[in-house]
file input_32.txt (compact mmCIF, C-alpha atoms)
# COMPACT_ATOMS: atom_id res chain seq x y z
CA MET B 1 -25.38 8.85 21.92
CA MET B 2 -23.18 8.29 18.85
CA ARG B 3 -23.13 5.74 16.02
CA LEU B 4 -20.83 5.01 13.12
CA GLU B 5 -21.94 5.29 9.52
CA LEU B 6 -20.13 4.42 6.30
CA VAL B 7 -20.49 7.10 3.65
CA LYS B 8 -19.49 6.29 0.07
CA ARG B 9 -16.67 8.48 -1.19
CA PRO B 10 -17.48 10.42 -4.39
CA GLN B 11 -14.09 9.38 -5.79
CA ARG B 12 -11.68 6.77 -4.48
CA SER B 13 -7.93 7.34 -4.29
CA MET B 14 -6.11 5.52 -7.07
CA LEU B 15 -2.86 5.69 -5.08
CA PHE B 16 -4.31 3.98 -2.03
CA SER B 17 -6.15 1.47 -4.22
CA ALA B 18 -2.78 0.41 -5.63
CA LEU B 19 -1.07 0.40 -2.22
CA SER B 20 -3.91 -1.36 -0.39
CA PRO B 21 -2.47 -4.93 -0.61
CA PHE B 22 0.91 -3.71 0.64
CA ILE B 23 -0.66 -1.77 3.52
CA ALA B 24 -2.69 -4.85 4.44
CA PHE B 25 0.45 -6.99 4.38
CA VAL B 26 2.34 -4.55 6.64
CA LEU B 27 -0.58 -4.47 9.09
CA THR B 28 -0.65 -8.27 9.05
CA MET B 29 3.05 -8.35 9.89
CA ILE B 30 2.51 -5.97 12.82
CA ALA B 31 -0.39 -8.05 14.13
CA GLY B 32 1.67 -11.21 13.59
CA ALA B 33 4.55 -9.75 15.60
CA ILE B 34 2.15 -9.05 18.47
CA MET B 35 0.79 -12.60 18.21
CA PHE B 36 4.27 -14.15 18.35
CA ALA B 37 5.21 -11.92 21.31
CA LEU B 38 2.11 -13.07 23.20
CA LEU B 39 3.13 -16.68 22.48
CA GLY B 40 6.50 -15.98 24.10
CA VAL B 41 8.48 -16.07 20.86
CA ASN B 42 10.88 -13.43 19.54
CA PRO B 43 8.98 -11.92 16.56
CA LEU B 44 12.17 -11.36 14.50
CA SER B 45 13.26 -14.97 14.95
CA ALA B 46 9.75 -16.19 14.19
CA PHE B 47 9.55 -14.12 10.98
CA GLN B 48 12.96 -15.43 9.93
CA ILE B 49 11.71 -19.01 10.29
CA TYR B 50 8.28 -18.23 8.86
CA PHE B 51 9.16 -16.21 5.77
CA ILE B 52 12.86 -16.66 4.96
CA GLU B 53 13.93 -20.21 5.81
CA PRO B 54 11.15 -21.97 3.79
CA ILE B 55 12.54 -20.48 0.55
CA SER B 56 16.27 -20.50 1.27
CA GLN B 57 17.04 -23.57 -0.88
CA VAL B 58 16.15 -24.59 -4.43
CA TRP B 59 14.07 -27.62 -3.44
CA GLN B 60 12.05 -25.38 -1.12
CA LEU B 61 11.20 -23.13 -4.06
CA HIS B 62 9.78 -26.21 -5.75
CA GLU B 63 7.60 -26.83 -2.68
CA LEU B 64 6.45 -23.21 -2.87
CA ALA B 65 5.41 -23.75 -6.50
CA ILE B 66 3.49 -26.91 -5.54
CA LYS B 67 1.54 -25.00 -2.87
CA ALA B 68 1.00 -21.94 -5.08
CA ALA B 69 -0.29 -23.77 -8.18
CA PRO B 70 -3.75 -24.75 -6.87
CA LEU B 71 -4.17 -21.39 -5.13
CA ILE B 72 -3.49 -19.48 -8.35
CA LEU B 73 -5.68 -21.74 -10.50
CA ILE B 74 -8.65 -21.52 -8.17
CA ALA B 75 -8.26 -17.79 -7.45
CA VAL B 76 -8.06 -16.88 -11.14
CA GLY B 77 -11.42 -18.57 -11.71
CA LEU B 78 -12.93 -16.97 -8.63
CA SER B 79 -11.80 -13.54 -9.80
CA VAL B 80 -14.13 -13.83 -12.79
CA CYS B 81 -17.03 -14.70 -10.49
CA TYR B 82 -16.34 -11.85 -8.12
CA LYS B 83 -15.87 -9.34 -10.95
CA ALA B 84 -19.34 -10.35 -12.12
CA ASN B 85 -20.68 -9.90 -8.56
CA ILE B 86 -21.33 -13.65 -8.30
CA TRP B 87 -20.17 -15.14 -5.01
CA ASN B 88 -18.82 -18.63 -5.48
CA ILE B 89 -17.61 -19.73 -2.02
CA GLY B 90 -17.58 -23.44 -2.87
CA ALA B 91 -14.32 -23.76 -4.83
CA GLU B 92 -13.07 -26.24 -2.21
CA GLY B 93 -15.85 -28.65 -3.15
CA GLN B 94 -15.23 -28.14 -6.87
CA PHE B 95 -11.53 -28.83 -6.25
CA ILE B 96 -12.41 -32.11 -4.54
CA LEU B 97 -14.88 -33.20 -7.25
CA GLY B 98 -12.30 -32.44 -9.90
CA GLY B 99 -9.86 -34.69 -8.10
CA ILE B 100 -12.46 -37.46 -7.80
CA VAL B 101 -13.77 -37.39 -11.37
CA GLY B 102 -10.28 -37.05 -12.81
CA SER B 103 -9.20 -40.13 -10.86
CA ILE B 104 -11.81 -42.41 -12.42
CA ILE B 105 -9.41 -43.71 -15.08
CA PRO B 106 -6.38 -44.62 -12.88
CA VAL B 107 -8.58 -46.03 -10.10
CA LEU B 108 -11.19 -48.00 -12.05
CA PHE B 109 -9.12 -48.76 -15.16
CA PRO B 110 -5.53 -49.11 -13.92
CA GLN B 111 -4.66 -51.29 -16.92
CA PHE B 112 -5.32 -48.34 -19.25
CA GLU B 113 -1.91 -46.77 -19.88
CA GLY B 114 -0.43 -44.55 -22.55
CA PRO B 115 -0.06 -40.90 -23.55
CA LEU B 116 -3.83 -40.30 -23.59
CA VAL B 117 -4.36 -41.12 -19.92
CA LEU B 118 -3.15 -37.86 -18.40
CA PRO B 119 -4.92 -35.49 -20.85
CA LEU B 120 -8.17 -37.43 -20.30
CA MET B 121 -7.72 -37.18 -16.53
CA LEU B 122 -7.19 -33.42 -16.72
CA LEU B 123 -10.22 -33.02 -18.97
CA LEU B 124 -12.38 -35.13 -16.65
CA GLY B 125 -11.17 -33.11 -13.68
CA MET B 126 -12.28 -29.88 -15.35
CA VAL B 127 -15.63 -31.43 -16.29
CA GLY B 128 -16.15 -32.66 -12.73
CA GLY B 129 -15.40 -29.26 -11.19
CA ALA B 130 -17.58 -27.43 -13.71
CA ALA B 131 -20.49 -29.85 -13.25
CA TYR B 132 -20.36 -29.44 -9.49
CA ALA B 133 -20.25 -25.64 -9.86
CA ALA B 134 -23.30 -25.82 -12.14
CA ILE B 135 -25.46 -26.90 -9.17
CA PRO B 136 -25.43 -23.53 -7.31
CA ALA B 137 -25.62 -21.75 -10.69
CA LEU B 138 -28.80 -23.65 -11.56
CA LEU B 139 -30.30 -23.04 -8.12
CA LYS B 140 -29.56 -19.32 -8.38
CA THR B 141 -30.97 -18.83 -11.87
CA ARG B 142 -33.99 -21.11 -11.44
CA PHE B 143 -35.02 -20.49 -7.83
CA ASN B 144 -33.08 -17.32 -6.93
CA THR B 145 -31.25 -19.25 -4.21
CA ASN B 146 -28.36 -17.51 -2.47
CA GLU B 147 -25.22 -18.90 -4.14
CA ILE B 148 -23.07 -18.22 -1.07
CA LEU B 149 -25.02 -20.73 1.01
CA THR B 150 -25.50 -23.40 -1.66
CA SER B 151 -21.91 -23.39 -2.90
CA LEU B 152 -20.56 -23.44 0.66
CA MET B 153 -22.80 -26.31 1.81
CA LEU B 154 -21.82 -28.36 -1.23
CA VAL B 155 -18.22 -28.29 0.01
CA TYR B 156 -19.13 -30.57 2.91
CA VAL B 157 -21.04 -32.90 0.60
CA ALA B 158 -17.91 -33.26 -1.55
CA GLN B 159 -15.68 -33.87 1.47
CA LEU B 160 -17.96 -36.60 2.82
CA PHE B 161 -18.33 -38.17 -0.63
CA LEU B 162 -14.54 -38.39 -0.99
CA ASP B 163 -14.23 -39.88 2.48
CA TRP B 164 -16.87 -42.49 1.66
CA LEU B 165 -15.18 -43.42 -1.63
CA VAL B 166 -11.70 -44.01 -0.22
CA ARG B 167 -13.05 -45.97 2.76
CA GLY B 168 -15.51 -47.95 0.68
CA PRO B 169 -15.78 -48.82 -3.02
CA TRP B 170 -12.46 -47.25 -4.12
CA ARG B 171 -10.32 -48.44 -1.22
CA ASP B 172 -7.14 -50.27 -2.20
CA PRO B 173 -7.72 -53.98 -1.39
CA LYS B 174 -3.97 -54.37 -0.86
CA GLY B 175 -3.60 -51.22 1.19
CA PHE B 176 -3.71 -52.86 4.65
CA ASN B 177 -7.14 -51.33 5.26
CA PHE B 178 -5.87 -47.75 5.00
CA PRO B 179 -8.46 -45.30 3.57
CA GLN B 180 -6.83 -44.66 0.21
CA THR B 181 -7.04 -45.73 -3.40
CA ILE B 182 -4.41 -47.64 -5.33
CA GLN B 183 -1.30 -45.72 -6.37
CA PHE B 184 -1.65 -44.20 -9.82
CA ASN B 185 0.40 -45.79 -12.60
CA GLU B 186 3.18 -43.87 -14.35
CA SER B 187 0.90 -42.73 -17.17
CA ALA B 188 -1.41 -41.04 -14.66
CA ILE B 189 1.28 -39.06 -12.82
CA LEU B 190 1.77 -35.39 -13.69
CA PRO B 191 5.41 -34.99 -14.78
CA GLU B 192 7.85 -32.95 -12.74
CA LEU B 193 9.38 -29.85 -14.30
CA MET B 194 12.98 -30.33 -13.07
CA PRO B 195 13.24 -33.70 -11.28
CA GLU B 196 16.92 -33.19 -10.51
CA SER B 197 16.24 -30.19 -8.24
CA GLY B 198 12.74 -30.64 -6.79
CA ARG B 199 9.16 -31.93 -7.01
CA ALA B 200 7.44 -29.01 -8.78
CA ASN B 201 5.21 -30.34 -11.55
CA TRP B 202 3.28 -29.05 -14.54
CA GLY B 203 0.46 -27.85 -12.31
CA PHE B 204 2.40 -24.61 -11.76
CA VAL B 205 2.66 -24.12 -15.53
CA PHE B 206 -1.10 -24.68 -15.83
CA ALA B 207 -1.63 -21.96 -13.21
CA LEU B 208 0.56 -19.42 -15.04
CA VAL B 209 -1.06 -20.17 -18.40
CA ALA B 210 -4.55 -19.86 -16.88
CA ALA B 211 -3.64 -16.50 -15.32
CA VAL B 212 -2.44 -15.11 -18.65
CA LEU B 213 -5.47 -16.43 -20.56
CA ILE B 214 -7.96 -15.04 -18.04
CA TRP B 215 -6.12 -11.70 -18.07
CA ILE B 216 -6.51 -11.58 -21.86
CA LEU B 217 -10.18 -12.57 -21.52
CA MET B 218 -10.92 -9.87 -18.96
CA SER B 219 -8.93 -7.03 -20.52
CA ARG B 220 -9.05 -7.65 -24.27
CA MET B 221 -12.23 -9.56 -25.09
CA LEU B 222 -15.94 -8.77 -25.24
CA LYS B 223 -16.78 -11.45 -22.67
CA GLY B 224 -14.54 -9.74 -20.14
CA PHE B 225 -16.29 -6.44 -20.81
CA GLU B 226 -19.62 -8.20 -20.27
CA VAL B 227 -18.38 -9.56 -16.93
CA ARG B 228 -17.32 -6.11 -15.76
CA VAL B 229 -20.51 -4.38 -16.88
CA LEU B 230 -22.86 -6.91 -15.27
CA GLY B 231 -20.77 -6.89 -12.11
CA SER B 232 -20.82 -3.12 -11.72
CA SER B 233 -24.32 -2.39 -13.07
CA PRO B 234 -26.71 -5.26 -13.89
CA ARG B 235 -29.30 -2.76 -15.15
CA ALA B 236 -26.84 -1.30 -17.67
CA GLY B 237 -25.91 -4.83 -18.69
CA ARG B 238 -29.54 -5.67 -19.43
CA PHE B 239 -29.87 -2.55 -21.58
CA ALA B 240 -26.77 -3.67 -23.48
CA GLY B 241 -28.37 -7.05 -24.12
CA PHE B 242 -26.18 -9.05 -21.73
CA GLY B 243 -27.94 -11.96 -20.02
CA LEU B 244 -27.46 -12.16 -16.25
CA ASN B 245 -28.43 -15.83 -16.06
CA ARG B 246 -25.98 -16.71 -18.83
CA MET B 247 -23.28 -14.85 -16.93
CA VAL B 248 -24.04 -16.77 -13.74
CA PHE B 249 -23.50 -20.07 -15.56
CA PHE B 250 -20.44 -18.80 -17.41
CA ALA B 251 -18.71 -17.58 -14.23
CA PHE B 252 -19.57 -20.67 -12.19
CA LEU B 253 -18.58 -23.12 -14.93
CA LEU B 254 -15.29 -21.35 -15.62
CA SER B 255 -14.30 -21.11 -11.96
CA GLY B 256 -15.45 -24.70 -11.33
CA ALA B 257 -13.43 -25.99 -14.29
CA LEU B 258 -10.25 -24.28 -13.06
CA ALA B 259 -10.84 -25.53 -9.51
CA GLY B 260 -11.36 -29.04 -10.89
CA LEU B 261 -8.14 -28.77 -12.90
CA ALA B 262 -6.36 -27.73 -9.71
CA GLY B 263 -7.86 -30.74 -7.92
CA ILE B 264 -6.76 -33.38 -10.41
CA SER B 265 -3.36 -31.70 -10.80
CA GLU B 266 -2.86 -31.93 -7.04
CA VAL B 267 -3.97 -35.56 -6.88
CA SER B 268 -1.99 -36.75 -9.90
CA GLY B 269 1.03 -34.60 -9.13
CA ALA B 270 1.78 -34.03 -5.47
CA ILE B 271 -0.18 -36.96 -3.97
CA GLY B 272 -0.38 -39.79 -6.53
CA GLN B 273 -3.62 -41.29 -5.18
CA LEU B 274 -6.91 -40.30 -3.56
CA GLN B 275 -6.98 -39.93 0.22
CA PRO B 276 -9.66 -38.76 2.69
CA VAL B 277 -8.11 -35.28 2.60
CA ILE B 278 -6.54 -33.91 -0.58
CA SER B 279 -6.67 -30.21 0.26
CA PRO B 280 -5.51 -28.22 3.31
CA GLY B 281 -8.16 -25.64 2.47
CA TYR B 282 -6.93 -24.37 -0.90
CA GLY B 283 -10.45 -23.46 -2.03
CA PHE B 284 -11.00 -21.12 0.92
CA THR B 285 -7.48 -19.66 0.93
CA ALA B 286 -7.90 -18.89 -2.78
CA ILE B 287 -10.61 -16.36 -1.84
CA ILE B 288 -7.93 -14.41 0.06
CA VAL B 289 -5.57 -14.80 -2.91
CA ALA B 290 -8.19 -13.38 -5.29
CA PHE B 291 -8.78 -10.26 -3.21
CA LEU B 292 -5.13 -9.76 -2.31
CA GLY B 293 -4.41 -9.83 -6.05
CA ARG B 294 -7.11 -7.16 -6.59
CA LEU B 295 -9.07 -9.63 -8.75
CA ASN B 296 -6.38 -9.17 -11.38
CA PRO B 297 -5.13 -12.51 -12.77
CA LEU B 298 -1.52 -11.28 -12.94
CA GLY B 299 -1.70 -9.88 -9.42
CA ILE B 300 -3.15 -13.20 -8.27
CA VAL B 301 0.08 -14.97 -9.31
CA ALA B 302 2.07 -12.87 -6.84
CA ALA B 303 -0.62 -13.20 -4.16
CA GLY B 304 -0.70 -16.97 -4.64
CA LEU B 305 3.04 -17.19 -3.97
CA VAL B 306 2.65 -15.11 -0.80
CA LEU B 307 -0.18 -17.25 0.56
CA ALA B 308 1.65 -20.45 -0.41
CA LEU B 309 4.53 -19.21 1.73
CA THR B 310 2.19 -19.03 4.74
CA TYR B 311 1.57 -22.79 4.43
CA LEU B 312 5.30 -23.53 4.35
CA GLY B 313 5.95 -21.04 7.14
CA GLY B 314 3.28 -22.63 9.31
CA GLU B 315 4.97 -26.01 8.95
CA ALA B 316 8.39 -24.45 9.65
CA VAL B 317 7.41 -22.73 12.92
CA GLN B 318 5.65 -25.89 14.05
CA SER B 319 8.84 -27.95 13.79
CA ALA B 320 11.31 -25.23 14.85
CA LEU B 321 9.40 -23.43 17.62
CA GLY B 322 6.80 -25.97 18.67
CA ILE B 323 3.94 -23.64 17.66
CA SER B 324 0.76 -25.09 16.15
CA ASP B 325 0.71 -25.06 12.35
CA LYS B 326 -2.71 -23.39 12.69
CA VAL B 327 -0.75 -20.15 12.94
CA ALA B 328 -0.79 -20.23 9.12
CA ARG B 329 -4.59 -20.00 9.18
CA VAL B 330 -4.34 -17.09 11.62
CA PHE B 331 -2.01 -15.24 9.26
CA GLN B 332 -4.33 -15.91 6.33
CA GLY B 333 -7.36 -14.72 8.29
CA MET B 334 -5.61 -11.54 9.43
CA LEU B 335 -4.48 -10.83 5.89
CA LEU B 336 -8.04 -11.15 4.55
CA PHE B 337 -9.34 -8.97 7.38
CA PHE B 338 -6.87 -6.18 6.65
CA VAL B 339 -7.35 -6.42 2.88
CA LEU B 340 -11.11 -6.05 3.23
CA GLY B 341 -10.67 -3.34 5.87
CA CYS B 342 -8.37 -1.30 3.63
CA ASP B 343 -10.71 -1.69 0.67
CA THR B 344 -13.65 -0.57 2.77
CA LEU B 345 -11.84 2.58 3.91
CA ILE B 346 -10.79 3.32 0.31
CA HIS B 347 -14.41 3.22 -0.91
CA TYR B 348 -16.08 4.64 2.20
CA ARG B 349 -15.33 7.13 4.94
CA ILE B 350 -16.46 6.76 8.53
CA ARG B 351 -18.77 9.41 9.92
CA LEU B 352 -19.87 9.80 13.52
CA ILE B 353 -23.54 10.64 13.87
CA GLY B 354 -25.08 11.86 17.07
CA LEU B 355 -28.54 10.58 17.92
CA ALA B 356 -30.84 13.14 19.49
CA ALA B 357 -32.35 12.11 22.81
CA PRO B 358 -36.07 11.38 22.64
CA LYS B 359 -38.27 14.27 23.80
CA LEU B 360 -40.37 13.77 26.89
CA GLU B 361 -43.92 14.64 26.05
CA THR B 362 -45.07 15.08 29.65
CA ALA B 363 -46.96 18.36 29.31
CA PRO B 364 -49.70 17.14 26.95
CA LYS B 365 -50.20 14.04 29.08
CA LEU B 366 -50.56 16.17 32.23
CA GLU B 367 -53.14 18.38 30.50
CA GLU B 368 -55.11 15.31 29.44
CA ALA B 369 -55.01 13.95 32.98
CA ARG B 370 -56.46 17.22 34.28

call {"tool": "encode", "arguments": {"input": "input_32.txt", "output": "structure tokens"}}
result
Amino acid sequence: MMRLELVKRPQRSMLFSALSPFIAFVLTMIAGAIMFALLGVNPLSAFQIYFIEPISQVWQLHELAIKAAPLILIAVGLSVCYKANIWNIGAEGQFILGGIVGSIIPVLFPQFEGPLVLPLMLLLGMVGGAAYAAIPALLKTRFNTNEILTSLMLVYVAQLFLDWLVRGPWRDPKGFNFPQTIQFNESAILPELMPESGRANWGFVFALVAAVLIWILMSRMLKGFEVRVLGSSPRAGRFAGFGLNRMVFFAFLLSGALAGLAGISEVSGAIGQLQPVISPGYGFTAIIVAFLGRLNPLGIVAAGLVLALTYLGGEAVQSALGISDKVARVFQGMLLFFVLGCDTLIHYRIRLIGLAAPKLETAPKLEEAR
């Protein structure tokens, strides 16, 4: 009888650590080709439609930037959490709360216009996301509650709260009973970068700036060193005088603020009003982005563009081949699976262990019977 055991490698390969995301992507492509073949579609034609056609024109590149911006913003914040060994799984809820809180001004005070409206909305969005992220942080530090469960369950609270708002107190009275708020006024709309060629807005710029700032924080500042030390060895961090509870709040508030900024940027930029659904799952996909980017803010920018392409590709194969757009989720899931699988094999090796058969102690029992 045999069993598998993971044995930690004394030293991991730096080469394979660097190549891991690329290996995972190649394995995802192979698995995707098998999936398309099983669906009765030529894999080469499907890949052409999925990966090439969605970025073949300038306006499509703008759509790619729109999809990538929230993924990068959220994933950059999550990378700080995961580096500190703090598992925030609720970025989707923080994204939604950021969109809700940031929309207070254009929804409840539509007469308030001017250059201050948009900065206040963005600030409120960050405050809303950070405040919502503070809930699992407080529960973890005060009651030692598992942050994976609390942050994840709060996602569904946020989704239901948004649904209640747009169907109830915030519903547009002139909207023919559709579950949506009033359209935001011009002062509350995030400007487009190049209106003559596409819809990409300043949310993509926010994402790039956040990635650079977090990279500087993590690689050049004491706080980044504190994050890395507490994440790799909490005991060493305590000896150095770093507070674990303070780090929990710092990581949650930072990631929540960036998720909230992504939420209000999406609402005020791509959508222009609150609706029952403002996210196709950006908060969960950003977890894949963070790990595909090796928890490096600059790597996350590239990973965010790749995952954004899966959204566009899913829509493309749906219209061109009649395949469900859920194929995008399948690609994202396979990519996460292979990324985590590659990382596991880089840090551990698999060993087969044989289990000895239990000995039959019949002789002593026979002697006792006699």

call {"tool": "residues_around", "arguments": {"input": "input_32.txt", "residues": "Gly283 of chain B", "least_positions_apart": "4", "cutoff": "8 Å", "atoms": "only C-alpha atoms", "output": "list in words"}}
result
Leu71, Ile74, Gly90, Ala91, Glu92, Gly93, Phe95, Ala259 and Ile287 of chain B

call {"tool": "residues_around", "arguments": {"input": "input_32.txt", "residues": "Gly313 of chain B", "least_positions_apart": "2", "cutoff": "8 Å", "atoms": "only C-alpha atoms", "output": "ChimeraX atom specification"}}
result
/B:49-51,54,309-311,315-317,328

call {"tool": "closest_residue", "arguments": {"input": "input_32.txt", "among": "B:Ala302, B:Ala211, B:Ile288, B:Val101", "to": "Phe331 of chain B", "atoms": "all atoms listed in the file"}}
result
B:Ile288

call {"tool": "atom_distance", "arguments": {"input": "input_32.txt", "atom1": "atom CA of Ala188 of chain B", "atom2": "atom CA of Val157 of chain B"}}
result
26.2 Å

call {"tool": "residues_near_point", "arguments": {"input": "input_32.txt", "point": "(-14.2, -44.8, -13.2)", "cutoff": "12 Å", "atoms": "all atoms listed in the file", "output": "list of chain:residue names"}}
result
B:Ile100, B:Val101, B:Gly102, B:Ser103, B:Ile104, B:Ile105, B:Pro106, B:Val107, B:Leu108, B:Phe109, B:Pro110, B:Phe112, B:Leu120, B:Met121, B:Leu124, B:Leu165, B:Pro169, B:Trp170

call {"tool": "closest_residue", "arguments": {"input": "input_32.txt", "among": "B:Thr28, B:Ser13, B:Ser255, B:Asn146", "to": "Ala131 of chain B", "atoms": "all atoms listed in the file"}}
result
B:Ser255

call {"tool": "atom_distance", "arguments": {"input": "input_32.txt", "atom1": "atom CA of Ala134 of chain B", "atom2": "atom CA of Pro70 of chain B"}}
result
20.3 Å

call {"tool": "atom_distance", "arguments": {"input": "input_32.txt", "atom1": "atom CA of Leu321 of chain B", "atom2": "atom CA of Ile52 of chain B"}}
result
14.8 Å

call {"tool": "closest_residue", "arguments": {"input": "input_32.txt", "among": "B:Ile89, B:Val289, B:Ser265, B:Val330", "to": "Ala200 of chain B", "atoms": "all atoms listed in the file"}}
result
B:Ser265

call {"tool": "residues_around", "arguments": {"input": "input_32.txt", "residues": "Glu192 of chain B", "least_positions_apart": "3", "cutoff": "7 Å", "atoms": "all atoms listed in the file", "output": "JSON, numbers by chain"}}
result
{"B": [195, 199, 200, 201, 202]}

call {"tool": "residues_around", "arguments": {"input": "input_32.txt", "residues": "Gly260 of chain B", "least_positions_apart": "6", "cutoff": "6 Å", "atoms": "all atoms listed in the file", "output": "VMD selection string"}}
result
chain B and resid 94 to 95 98 125 to 126 129

call {"tool": "residues_near_point", "arguments": {"input": "input_32.txt", "point": "(4.2, -20.6, -12.5)", "cutoff": "10 Å", "atoms": "only C-alpha atoms", "output": "list of chain:residue names"}}
result
B:Ala65, B:Ile66, B:Ala68, B:Ala69, B:Ile72, B:Ala200, B:Asn201, B:Trp202, B:Gly203, B:Phe204, B:Val205, B:Phe206, B:Ala207, B:Leu208, B:Val209, B:Ala210, B:Ala211, B:Val301, B:Ala302, B:Gly304, B:Leu305

call {"tool": "residues_around", "arguments": {"input": "input_32.txt", "residues": "Met14 of chain B", "least_positions_apart": "5", "cutoff": "12 Å", "atoms": "only C-alpha atoms", "output": "MDAnalysis selection string"}}
result
chainID B and resid 19:20 343 346:347

call {"tool": "decode", "arguments": {"input": "input_32.txt", "residues": "segment 150-156 of chain B", "atoms": "all heavy atoms", "output": "mmCIF file, in the first residue's frame"}}
result
data_model
loop_
_atom_site.group_PDB
_atom_site.id
_atom_site.type_symbol
_atom_site.label_atom_id
_atom_site.label_comp_id
_atom_site.auth_asym_id
_atom_site.auth_seq_id
_atom_site.Cartn_x
_atom_site.Cartn_y
_atom_site.Cartn_z
ATOM 1 N N THR B 150 -14.577 34.932 7.054
ATOM 2 C CA THR B 150 -15.310 36.176 7.298
ATOM 3 C C THR B 150 -15.275 37.093 6.083
ATOM 4 O O THR B 150 -16.298 37.671 5.693
ATOM 5 C CB THR B 150 -14.731 36.907 8.517
ATOM 6 O OG1 THR B 150 -13.314 37.090 8.343
ATOM 7 C CG2 THR B 150 -14.974 36.120 9.787
ATOM 8 N N SER B 151 -14.104 37.230 5.456
ATOM 9 C CA SER B 151 -14.020 38.113 4.292
ATOM 10 C C SER B 151 -14.839 37.567 3.131
ATOM 11 O O SER B 151 -15.479 38.326 2.389
ATOM 12 C CB SER B 151 -12.567 38.320 3.872
ATOM 13 O OG SER B 151 -11.949 37.091 3.529
ATOM 14 N N LEU B 152 -14.852 36.247 2.966
ATOM 15 C CA LEU B 152 -15.623 35.646 1.878
ATOM 16 C C LEU B 152 -17.127 35.811 2.107
ATOM 17 O O LEU B 152 -17.876 36.173 1.191
ATOM 18 C CB LEU B 152 -15.263 34.169 1.744
ATOM 19 C CG LEU B 152 -16.023 33.388 0.659
ATOM 20 C CD1 LEU B 152 -15.765 33.987 -0.715
ATOM 21 C CD2 LEU B 152 -15.614 31.917 0.682
ATOM 22 N N MET B 153 -17.590 35.560 3.327
ATOM 23 C CA MET B 153 -19.034 35.675 3.600
ATOM 24 C C MET B 153 -19.522 37.110 3.464
ATOM 25 O O MET B 153 -20.670 37.358 3.062
ATOM 26 C CB MET B 153 -19.339 35.124 4.993
ATOM 27 C CG MET B 153 -19.200 33.610 5.094
ATOM 28 S SD MET B 153 -19.806 32.922 6.651
ATOM 29 C CE MET B 153 -18.585 33.560 7.788
ATOM 30 N N LEU B 154 -18.658 38.077 3.752
ATOM 31 C CA LEU B 154 -19.048 39.471 3.622
ATOM 32 C C LEU B 154 -19.264 39.878 2.167
ATOM 33 O O LEU B 154 -19.922 40.882 1.893
ATOM 34 C CB LEU B 154 -18.000 40.378 4.270
ATOM 35 C CG LEU B 154 -18.029 40.417 5.801
ATOM 36 C CD1 LEU B 154 -16.787 41.119 6.342
ATOM 37 C CD2 LEU B 154 -19.286 41.117 6.299
ATOM 38 N N VAL B 155 -18.721 39.106 1.231
ATOM 39 C CA VAL B 155 -18.968 39.385 -0.188
ATOM 40 C C VAL B 155 -20.453 39.298 -0.484
ATOM 41 O O VAL B 155 -21.026 40.164 -1.163
ATOM 42 C CB VAL B 155 -18.181 38.393 -1.071
ATOM 43 C CG1 VAL B 155 -18.607 38.531 -2.536
ATOM 44 C CG2 VAL B 155 -16.688 38.623 -0.937
ATOM 45 N N TYR B 156 -21.104 38.261 0.024
ATOM 46 C CA TYR B 156 -22.520 38.052 -0.277
ATOM 47 C C TYR B 156 -23.390 39.090 0.428
ATOM 48 O O TYR B 156 -24.437 39.491 -0.093
ATOM 49 C CB TYR B 156 -22.914 36.626 0.110
ATOM 50 C CG TYR B 156 -22.030 35.609 -0.572
ATOM 51 C CD1 TYR B 156 -21.011 34.962 0.118
ATOM 52 C CD2 TYR B 156 -22.186 35.339 -1.931
ATOM 53 C CE1 TYR B 156 -20.176 34.056 -0.520
ATOM 54 C CE2 TYR B 156 -21.357 34.445 -2.569
ATOM 55 C CZ TYR B 156 -20.356 33.804 -1.864
ATOM 56 O OH TYR B 156 -19.524 32.920 -2.500
#
